$ cat entry_31.txt   # compact mmCIF, C-alpha atoms and all ligand atoms
# COMPACT_ATOMS: atom_id res chain seq x y z
CA MET B 233 0.00 0.00 0.00
CA LYS B 234 1.24 3.49 -0.82
CA TYR B 235 0.63 5.98 1.97
CA ALA B 236 2.44 8.48 4.17
CA HIS B 237 2.86 7.54 7.81
CA SER B 238 1.94 11.03 8.97
CA VAL B 239 1.02 14.31 7.29
CA VAL B 240 4.49 15.52 8.32
CA ASP B 241 6.01 13.07 5.82
CA LEU B 242 4.23 14.98 3.04
CA ILE B 243 6.19 18.19 3.63
CA GLY B 244 8.40 19.17 0.67
CA ARG B 245 9.02 17.50 -2.71
CA THR B 246 6.72 20.07 -4.34
CA PRO B 247 6.42 20.10 -8.15
CA LEU B 248 7.67 22.54 -10.77
CA VAL B 249 5.26 23.69 -13.47
CA LYS B 250 5.96 25.72 -16.60
CA LEU B 251 4.25 29.07 -17.14
CA ASN B 252 2.68 29.26 -20.58
CA ARG B 253 0.55 32.40 -20.91
CA VAL B 254 2.03 35.19 -18.81
CA THR B 255 5.36 34.40 -20.52
CA GLU B 256 4.18 35.40 -23.99
CA GLY B 257 7.13 36.64 -26.08
CA ILE B 258 9.71 35.18 -23.69
CA GLU B 259 12.19 32.60 -25.08
CA ALA B 260 13.51 31.22 -21.79
CA THR B 261 11.70 28.44 -19.90
CA VAL B 262 10.05 29.90 -16.80
CA LEU B 263 9.14 27.34 -14.12
CA VAL B 264 7.41 27.89 -10.80
CA LYS B 265 7.71 25.75 -7.66
CA LEU B 266 4.34 25.27 -6.00
CA GLU B 267 4.91 25.58 -2.27
CA TYR B 268 1.19 25.91 -1.55
CA LEU B 269 1.00 22.15 -2.09
CA ASN B 270 2.69 21.57 1.27
CA PRO B 271 0.22 20.15 3.84
CA GLY B 272 0.04 23.41 5.82
CA GLY B 273 -0.39 25.38 2.58
CA SER B 274 2.97 27.14 2.43
CA ILE B 275 6.75 26.91 2.17
CA LYS B 276 6.96 27.47 5.92
CA ASP B 277 6.14 23.81 6.67
CA ARG B 278 9.74 23.05 5.70
CA ILE B 279 11.35 25.31 8.29
CA ALA B 280 8.82 24.29 10.97
CA LEU B 281 9.80 20.63 10.59
CA LYS B 282 13.54 21.33 10.64
CA MET B 283 13.44 23.79 13.58
CA ILE B 284 11.37 21.37 15.70
CA GLU B 285 13.50 18.32 14.85
CA ASP B 286 16.72 20.25 15.54
CA ALA B 287 15.30 21.34 18.92
CA GLU B 288 14.42 17.74 19.78
CA LYS B 289 17.95 16.59 18.91
CA ALA B 290 19.48 19.41 20.97
CA GLY B 291 17.25 18.57 23.94
CA LYS B 292 15.52 21.97 23.78
CA LEU B 293 12.16 20.35 23.14
CA LYS B 294 11.21 17.37 25.30
CA PRO B 295 7.98 15.36 25.73
CA GLY B 296 5.32 17.71 27.11
CA GLY B 297 7.12 20.71 25.56
CA VAL B 298 5.39 23.80 24.19
CA VAL B 299 6.34 25.65 20.99
CA VAL B 300 6.02 29.46 21.45
CA GLU B 301 6.47 31.81 18.46
CA PRO B 302 5.36 35.38 17.63
CA THR B 303 3.64 34.74 14.29
CA SER B 304 0.17 34.73 12.88
CA GLY B 305 0.95 33.56 9.41
CA ASN B 306 2.32 30.64 7.50
CA THR B 307 5.06 29.81 10.02
CA GLY B 308 2.42 29.46 12.72
CA VAL B 309 0.46 26.98 10.63
CA GLY B 310 3.59 24.92 9.90
CA LEU B 311 4.66 24.91 13.53
CA ALA B 312 1.13 24.12 14.79
CA LEU B 313 0.89 21.17 12.43
CA VAL B 314 4.32 19.69 13.13
CA ALA B 315 4.09 20.33 16.90
CA GLN B 316 0.69 18.63 17.09
CA GLN B 317 1.87 15.55 15.19
CA LYS B 318 4.90 15.22 17.45
CA GLY B 319 2.81 15.62 20.60
CA TYR B 320 3.67 19.18 21.61
CA ARG B 321 1.34 22.09 22.39
CA SER B 322 1.84 25.37 20.55
CA VAL B 323 1.17 29.00 21.50
CA PHE B 324 1.30 31.90 19.03
CA ILE B 325 1.40 35.59 19.84
CA THR B 326 -0.17 38.04 17.40
CA VAL B 327 -1.15 41.70 17.29
CA PRO B 328 -4.83 42.78 17.09
CA LYS B 329 -4.61 44.01 13.46
CA VAL B 330 -4.08 40.42 12.28
CA ALA B 331 -7.27 39.16 10.62
CA GLN B 332 -9.51 37.02 12.86
CA GLU B 333 -9.44 34.37 10.14
CA LYS B 334 -5.69 33.85 10.55
CA ARG B 335 -6.07 33.33 14.30
CA ASP B 336 -8.93 30.93 13.62
CA VAL B 337 -6.71 28.80 11.36
CA LEU B 338 -4.15 28.38 14.15
CA ARG B 339 -6.88 27.55 16.69
CA ALA B 340 -8.34 25.02 14.24
CA TYR B 341 -5.04 23.11 14.47
CA GLY B 342 -5.44 23.12 18.25
CA ALA B 343 -2.95 25.91 18.95
CA ASP B 344 -3.46 28.64 21.59
CA VAL B 345 -3.38 32.22 20.32
CA VAL B 346 -2.48 35.19 22.53
CA VAL B 347 -3.33 38.66 21.22
CA GLY B 348 -0.95 41.36 22.48
CA PRO B 349 -1.65 45.12 22.64
CA THR B 350 -1.16 47.50 19.68
CA GLY B 351 1.16 50.49 19.51
CA VAL B 352 3.87 49.08 21.78
CA PRO B 353 7.55 49.60 20.82
CA ALA B 354 9.31 46.46 19.55
CA ASP B 355 11.70 46.39 22.54
CA SER B 356 8.90 46.63 25.14
CA PRO B 357 8.13 43.51 27.24
CA LEU B 358 4.53 43.95 26.04
CA SER B 359 5.38 43.82 22.32
CA TYR B 360 4.54 40.55 20.67
CA TYR B 361 8.23 39.66 20.63
CA GLY B 362 8.48 40.57 24.35
CA ILE B 363 5.45 38.52 25.28
CA SER B 364 6.77 35.51 23.35
CA ASP B 365 10.13 35.73 25.18
CA GLN B 366 8.38 35.81 28.54
CA LEU B 367 6.02 32.95 27.69
CA ALA B 368 8.83 30.78 26.29
CA GLU B 369 10.66 31.26 29.59
CA GLN B 370 7.74 30.98 31.99
CA ILE B 371 5.89 28.04 30.43
CA ALA B 372 7.41 24.74 31.59
CA GLY B 373 9.10 23.12 28.57
CA GLY B 374 8.66 26.29 26.48
CA PHE B 375 10.74 26.58 23.29
CA LYS B 376 10.84 29.57 20.92
CA PRO B 377 12.11 28.57 17.44
CA ASP B 378 12.64 32.22 16.29
CA GLN B 379 12.45 31.90 12.51
CA PHE B 380 14.45 35.11 11.99
CA SER B 381 17.63 33.77 13.59
CA ASN B 382 17.25 29.97 13.80
CA PRO B 383 19.94 28.42 11.53
CA GLY B 384 17.55 25.52 10.90
CA ALA B 385 15.41 27.77 8.70
CA PRO B 386 17.99 28.36 5.93
CA ALA B 387 19.34 24.84 6.53
CA SER B 388 15.94 23.31 5.69
CA HIS B 389 16.04 25.04 2.30
CA TYR B 390 19.70 24.05 1.76
CA GLU B 391 18.77 20.42 2.43
CA THR B 392 15.41 20.21 0.61
CA THR B 393 14.26 23.15 -1.58
CA GLY B 394 17.64 23.60 -3.29
CA PRO B 395 18.29 19.89 -4.09
CA GLU B 396 14.69 19.43 -5.31
CA ILE B 397 15.08 22.27 -7.84
CA TRP B 398 18.53 21.04 -8.95
CA GLU B 399 17.27 17.49 -9.53
CA ASP B 400 13.92 18.40 -11.10
CA THR B 401 15.56 20.76 -13.61
CA GLU B 402 18.21 18.07 -14.35
CA GLU B 403 20.86 20.61 -13.30
CA LYS B 404 19.73 23.03 -16.05
CA ILE B 405 18.44 25.88 -13.86
CA THR B 406 20.20 29.15 -14.76
CA HIS B 407 18.30 31.67 -12.57
CA LEU B 408 16.56 31.34 -9.18
CA VAL B 409 14.03 34.06 -8.33
CA VAL B 410 12.71 34.25 -4.75
CA GLY B 411 11.28 36.77 -2.32
CA ALA B 412 12.97 37.37 1.02
CA GLY B 413 11.18 37.95 4.32
CA THR B 414 13.07 36.22 7.11
CA GLY B 415 15.61 35.37 4.39
CA GLY B 416 15.59 31.62 5.00
CA THR B 417 14.49 30.70 1.49
CA VAL B 418 17.02 32.79 -0.43
CA THR B 419 19.93 32.06 1.91
CA GLY B 420 19.43 28.27 1.98
CA THR B 421 18.16 27.58 -1.55
CA GLY B 422 20.41 30.16 -3.20
CA ARG B 423 23.52 28.99 -1.35
CA TYR B 424 22.91 25.34 -2.30
CA LEU B 425 22.28 26.06 -5.98
CA LYS B 426 25.32 28.33 -6.27
CA GLU B 427 27.56 25.73 -4.63
CA VAL B 428 26.47 22.80 -6.79
CA SER B 429 26.66 24.83 -10.01
CA ALA B 430 29.93 26.62 -9.18
CA GLN B 431 32.08 24.49 -11.52
CA ARG B 432 29.51 24.23 -14.29
CA GLU B 433 30.71 25.12 -17.79
CA SER B 434 27.73 27.41 -18.40
CA GLY B 435 28.41 29.23 -15.12
CA PRO B 436 26.78 29.20 -11.68
CA VAL B 437 23.09 29.72 -10.99
CA ARG B 438 22.27 33.41 -10.66
CA VAL B 439 20.22 34.24 -7.56
CA VAL B 440 17.68 37.05 -7.86
CA VAL B 441 15.69 38.56 -4.98
CA ALA B 442 12.20 39.80 -5.88
CA ASP B 443 11.69 42.61 -3.39
CA PRO B 444 8.72 44.87 -2.61
CA ASP B 445 9.23 48.54 -3.39
CA GLY B 446 10.12 50.07 0.00
CA SER B 447 12.00 47.08 1.47
CA ILE B 448 15.57 47.60 2.63
CA TYR B 449 16.85 44.46 0.88
CA SER B 450 16.73 46.27 -2.47
CA GLY B 451 17.88 49.62 -1.09
CA GLY B 452 14.53 50.99 0.11
CA GLU B 453 13.97 52.89 3.34
CA GLY B 454 11.72 50.32 4.96
CA ARG B 455 8.52 52.21 4.24
CA PRO B 456 5.29 50.19 4.37
CA TYR B 457 3.70 48.27 1.49
CA PHE B 458 0.79 45.87 1.21
CA VAL B 459 2.31 42.65 -0.12
CA GLU B 460 2.72 40.21 2.79
CA GLY B 461 5.59 37.97 3.85
CA VAL B 462 8.39 39.53 1.81
CA GLY B 463 10.73 42.49 2.27
CA GLU B 464 11.96 43.88 5.57
CA ASP B 465 12.45 47.20 7.36
CA VAL B 466 15.39 45.88 9.44
CA TRP B 467 18.27 43.52 8.62
CA VAL B 468 17.69 40.03 9.98
CA LYS B 469 20.16 37.28 10.83
CA ASN B 470 18.92 34.63 8.41
CA TYR B 471 19.27 36.90 5.36
CA ASP B 472 22.80 36.49 3.98
CA PRO B 473 23.40 39.48 1.69
CA LYS B 474 26.26 37.60 -0.04
CA VAL B 475 23.90 35.05 -1.63
CA PRO B 476 21.79 37.22 -4.00
CA ASP B 477 23.46 38.40 -7.22
CA GLU B 478 20.77 40.94 -8.07
CA HIS B 479 17.53 42.45 -6.77
CA HIS B 480 14.41 43.50 -8.62
CA THR B 481 12.08 45.99 -6.96
CA ILE B 482 8.41 45.19 -7.57
CA THR B 483 5.51 47.47 -6.64
CA ASP B 484 2.37 46.27 -4.86
CA ALA B 485 0.39 47.00 -8.02
CA GLU B 486 2.70 44.75 -10.11
CA SER B 487 2.63 41.96 -7.49
CA PHE B 488 -1.15 41.97 -7.19
CA ALA B 489 -1.82 42.25 -10.92
CA MET B 490 0.50 39.26 -11.51
CA ALA B 491 -1.09 37.20 -8.69
CA ARG B 492 -4.47 37.77 -10.38
CA ARG B 493 -3.09 36.84 -13.81
CA LEU B 494 -1.59 33.62 -12.40
CA ALA B 495 -5.07 32.66 -11.16
CA THR B 496 -6.98 33.57 -14.33
CA GLU B 497 -4.40 32.58 -16.96
CA GLU B 498 -2.29 29.81 -15.43
CA GLY B 499 -4.79 28.20 -13.03
CA LEU B 500 -2.53 28.99 -10.08
CA LEU B 501 -4.33 30.60 -7.12
CA VAL B 502 -1.33 31.96 -5.24
CA GLY B 503 -0.58 34.79 -2.80
CA GLY B 504 0.79 38.28 -3.35
CA SER B 505 4.43 37.34 -2.78
CA SER B 506 4.11 34.75 -5.55
CA GLY B 507 3.02 37.62 -7.79
CA THR B 508 6.15 39.52 -6.71
CA ALA B 509 8.35 36.54 -7.57
CA VAL B 510 6.81 35.94 -11.00
CA ALA B 511 6.82 39.68 -11.89
CA ALA B 512 10.57 39.69 -11.18
CA ALA B 513 11.12 36.34 -12.95
CA LEU B 514 9.58 37.73 -16.14
CA LYS B 515 11.80 40.83 -16.00
CA VAL B 516 14.83 38.53 -15.64
CA ALA B 517 13.62 36.19 -18.41
CA GLU B 518 13.01 38.99 -20.92
CA GLY B 519 16.72 39.32 -21.58
CA LEU B 520 17.41 35.58 -21.82
CA GLY B 521 17.51 32.97 -24.57
CA PRO B 522 15.93 29.54 -25.19
CA ASP B 523 18.57 27.63 -23.21
CA ASP B 524 17.90 29.54 -20.01
CA VAL B 525 15.77 28.04 -17.24
CA VAL B 526 14.33 30.46 -14.69
CA VAL B 527 12.78 29.02 -11.52
CA ALA B 528 10.57 31.17 -9.28
CA VAL B 529 9.43 29.93 -5.87
CA LEU B 530 5.73 30.55 -5.09
CA PRO B 531 5.45 30.56 -1.26
CA ASP B 532 1.72 30.21 -0.54
CA SER B 533 -1.87 29.94 -1.73
CA GLY B 534 -4.22 32.73 -2.77
CA ARG B 535 -6.91 31.36 -0.43
CA GLY B 536 -5.54 33.50 2.39
CA TYR B 537 -6.00 36.68 0.34
CA LEU B 538 -9.53 36.30 -1.04
CA ALA B 539 -10.71 39.37 0.92
CA LYS B 540 -7.79 41.45 -0.39
CA ILE B 541 -5.99 40.78 -3.68
CA PHE B 542 -8.86 38.77 -5.15
CA ASN B 543 -11.55 41.19 -3.97
CA ASP B 544 -12.28 43.84 -6.61
CA GLN B 545 -13.58 46.39 -4.09
CA TRP B 546 -10.52 46.03 -1.87
CA MET B 547 -8.27 46.49 -4.91
CA ILE B 548 -10.15 49.62 -6.02
CA ASP B 549 -10.26 51.06 -2.47
CA HIS B 550 -6.49 50.66 -2.19
CA GLY B 551 -5.73 52.21 -5.56
CA PHE B 552 -4.78 48.98 -7.36
CA GLY B 553 -7.50 48.95 -9.97
CA GLU B 554 -10.31 50.90 -11.56
CA VAL B 555 -13.80 50.20 -12.74
CA VAL B 556 -14.04 50.21 -16.54
CA SER B 557 -17.13 50.06 -18.72
CA THR B 558 -17.44 47.12 -21.08
CA SER B 559 -20.12 46.08 -23.55
CA THR B 560 -21.67 43.83 -20.88
CA GLY B 561 -21.53 46.27 -17.99
CA THR B 562 -18.58 47.16 -15.76
CA GLU B 563 -15.53 45.24 -14.70
CA ILE B 564 -12.37 46.00 -12.78
CA SER B 565 -9.14 46.57 -14.63
CA VAL B 566 -5.96 46.16 -12.59
N1 LIG B 601 6.01 34.78 1.03
C1 LIG B 601 5.21 34.56 2.09
C2 LIG B 601 3.73 34.58 1.89
C3 LIG B 601 5.76 34.33 3.36
O1 LIG B 601 4.96 34.12 4.42
C4 LIG B 601 7.18 34.34 3.49
C5 LIG B 601 7.78 34.14 4.85
N2 LIG B 601 7.92 35.35 5.58
C6 LIG B 601 7.98 34.59 2.37
C7 LIG B 601 7.35 34.78 1.15
C8 LIG B 601 9.48 34.73 2.44
O2 LIG B 601 10.19 33.62 2.87
P1 LIG B 601 11.46 33.74 3.82
O3 LIG B 601 10.96 34.13 5.18
O4 LIG B 601 12.08 32.40 3.79
O5 LIG B 601 12.38 34.81 3.31

$ encode --input "entry_31.txt" --output "structure tokens"
Amino acid sequence: MKYAHSVVDLIGRTPLVKLNRVTEGIEATVLVKLEYLNPGGSIKDRIALKMIEDAEKAGKLKPGGVVVEPTSGNTGVGLALVAQQKGYRSVFITVPKVAQEKRDVLRAYGADVVVGPTGVPADSPLSYYGISDQLAEQIAGGFKPDQFSNPGAPASHYETTGPEIWEDTEEKITHLVVGAGTGGTVTGTGRYLKEVSAQRESGPVRVVVADPDGSIYSGGEGRPYFVEGVGEDVWVKNYDPKVPDEHHTITDAESFAMARRLATEEGLLVGGSSGTAVAAALKVAEGLGPDDVVVAVLPDSGRGYLAKIFNDQWMIDHGFGEVVSTSTGTEISV
């Protein structure tokens, strides 16, 4: 019989698929890696598994232990899922502005969610970082993975995401295009692919960061933007600036328009940061020839953004689209 022994065994080994419509006029092959097919719905399942298994090996997480992390997003889902399957409780700390739905997802997996106060400085004991530090210390068996500094996060991508892309492209990948939030994906995947291709006759894989306009990674000042999960306003430990060879700055409007095109034209319902990655991948691919193979990593599903990117009124209200008249009535043009 062919079956997985636990849902945890289904993390990783995600497929690559070729883009066919949004790539019109482009000679290079553009492939996307579908991380929303992980059991928790995002790329973050990979780091959750690695950080928890590393902690078990190091004796930081023992039977009866509790995983404590300040997150409301994809990392929380990954950690909740892996913790549950391995018999640990999990507690997540969020701020009130986080959508109720996101907290509900974590609670659905059996996790506890603590909502901290708004408007507290990051270094205050009442910030969501501060609360998580206190809880991790005060709860018996508490362990805080800390995805921004835990070396297991980039290591999980070095050990899985990178090798999967190298093998599935039969060592033909020429360009990797990824977004960077905590930096784990670009540091681990990019480092692996550059190392294995270093001696290749056609030259090493070129690593490209697709960065929101405003993020410091591509020289911005850290001003706010709407796309979620990518870009930063401070430098974080798991982002190794030596790995990327180039950066492409992508606006919210470009990211969201591309996320919508991926749904309507390629059948891929993916999140805003996937739009950022593909928008950058196409800019990279425009200058390339038929032998080039560009791989973009798509971190999560569009299901989490139905009330935003895939909601016409939200797009119009935030200046990302306009109502246009057509022969059959009105529709939104983004
Ligand atoms: N996209 C989304 C939706 C994410 O949640 C994240 C994680 N913050 C990323 C991209 C970026 O991944 P990383 O943290 O590994 O840089």

$ atom_distance --input "entry_31.txt" --atom1 "atom CA of B:Ala354" --atom2 "atom CA of B:Ala287"
25.8 Å

$ residues_near_ligand --input "entry_31.txt" --ligand "ligand LIG 601 (chain B)" --cutoff "7 Å" --atoms "only C-alpha atoms and all ligand atoms" --output "list in words"
Lys276, Gly305, Asn306, Gly411, Ala412, Gly413, Thr414, Gly415, Gly416, Thr417, Val418, Glu460, Gly461, Val462, Gly503, Ser505, Ser506, Pro531 and Asp532 of chain B

$ closest_residue --input "entry_31.txt" --among "B:Phe488, B:Leu266, B:Thr255, B:Gln317" --to "B:Tyr537" --atoms "all atoms listed in the file"
B:Phe488

$ residues_near_point --input "entry_31.txt" --point "(15.8, 48.7, 7.8)" --cutoff "7 Å" --atoms "only C-alpha atoms" --output "compact mmCIF listing (two decimals) with C-alpha atoms, in the coordinates of the input"
# COMPACT_ATOMS: atom_id res chain seq x y z
CA ILE B 448 15.57 47.60 2.63
CA GLU B 453 13.97 52.89 3.34
CA GLY B 454 11.72 50.32 4.96
CA GLU B 464 11.96 43.88 5.57
CA ASP B 465 12.45 47.20 7.36
CA VAL B 466 15.39 45.88 9.44
CA TRP B 467 18.27 43.52 8.62

$ closest_residue --input "entry_31.txt" --among "B:Val525, B:Val440, B:Ile284, B:Val300" --to "B:Ala385" --atoms "all atoms listed in the file"
B:Ile284

$ residues_around --input "entry_31.txt" --residues "B:Tyr361" --least-positions-apart "5" --cutoff "9 Å" --atoms "all atoms listed in the file" --output "mmCIF file with C-alpha atoms, in the coordinates of the input"
data_model
loop_
_atom_site.group_PDB
_atom_site.id
_atom_site.type_symbol
_atom_site.label_atom_id
_atom_site.label_comp_id
_atom_site.auth_asym_id
_atom_site.auth_seq_id
_atom_site.Cartn_x
_atom_site.Cartn_y
_atom_site.Cartn_z
ATOM 1 C CA GLU B 301 6.470 31.810 18.460
ATOM 2 C CA PRO B 302 5.360 35.380 17.630
ATOM 3 C CA ILE B 325 1.400 35.590 19.840
ATOM 4 C CA ALA B 354 9.310 46.460 19.550
ATOM 5 C CA ASP B 355 11.700 46.390 22.540
ATOM 6 C CA SER B 356 8.900 46.630 25.140
ATOM 7 C CA GLN B 366 8.380 35.810 28.540
#

$ closest_residue --input "entry_31.txt" --among "B:His389, B:Ser381, B:Val556, B:Pro444" --to "B:Gly504" --atoms "only C-alpha atoms"
B:Pro444

$ closest_residue --input "entry_31.txt" --among "B:Gly499, B:Gly422, B:Gly310, B:Gly291" --to "B:Lys474" --atoms "only C-alpha atoms"
B:Gly422

$ residues_around --input "entry_31.txt" --residues "B:Lys334" --least-positions-apart "3" --cutoff "8 Å" --atoms "only C-alpha atoms" --output "list in words"
Ser304, Gly305, Val330, Ala331, Val337 and Leu338 of chain B

$ atom_distance --input "entry_31.txt" --atom1 "atom CA of B:Val352" --atom2 "atom CA of B:Gly452"
24.2 Å

$ atom_distance --input "entry_31.txt" --atom1 "atom CA of B:Gly272" --atom2 "atom CA of B:Leu514"
27.9 Å

$ closest_residue --input "entry_31.txt" --among "B:Tyr457, B:Trp398, B:Phe324, B:Tyr449" --to "B:Tyr360" --atoms "all atoms listed in the file"
B:Phe324

$ closest_residue --input "entry_31.txt" --among "B:Ala528, B:Val409, B:Arg432, B:Pro456" --to "B:Asp477" --atoms "all atoms listed in the file"
B:Val409

$ residues_around --input "entry_31.txt" --residues "stretch 478-481 of chain B" --least-positions-apart "3" --cutoff "7 Å" --atoms "all atoms listed in the file" --output "CSV table (one decimal) with C-alpha atoms, in the coordinates of the input"
chain,number,residue,atom,x,y,z
B,439,VAL,CA,20.2,34.2,-7.6
B,440,VAL,CA,17.7,37.0,-7.9
B,441,VAL,CA,15.7,38.6,-5.0
B,442,ALA,CA,12.2,39.8,-5.9
B,443,ASP,CA,11.7,42.6,-3.4
B,444,PRO,CA,8.7,44.9,-2.6
B,445,ASP,CA,9.2,48.5,-3.4
B,450,SER,CA,16.7,46.3,-2.5
B,512,ALA,CA,10.6,39.7,-11.2

$ residues_around --input "entry_31.txt" --residues "B:Leu520" --least-positions-apart "6" --cutoff "10 Å" --atoms "only C-alpha atoms" --output "list in words"
Ile258, Glu259, Ala260, Thr261, Thr406, Leu514 and Val526 of chain B

$ residues_around --input "entry_31.txt" --residues "stretch 239-248 of chain B" --least-positions-apart "5" --cutoff "6 Å" --atoms "all atoms listed in the file" --output "count of residues only"
4
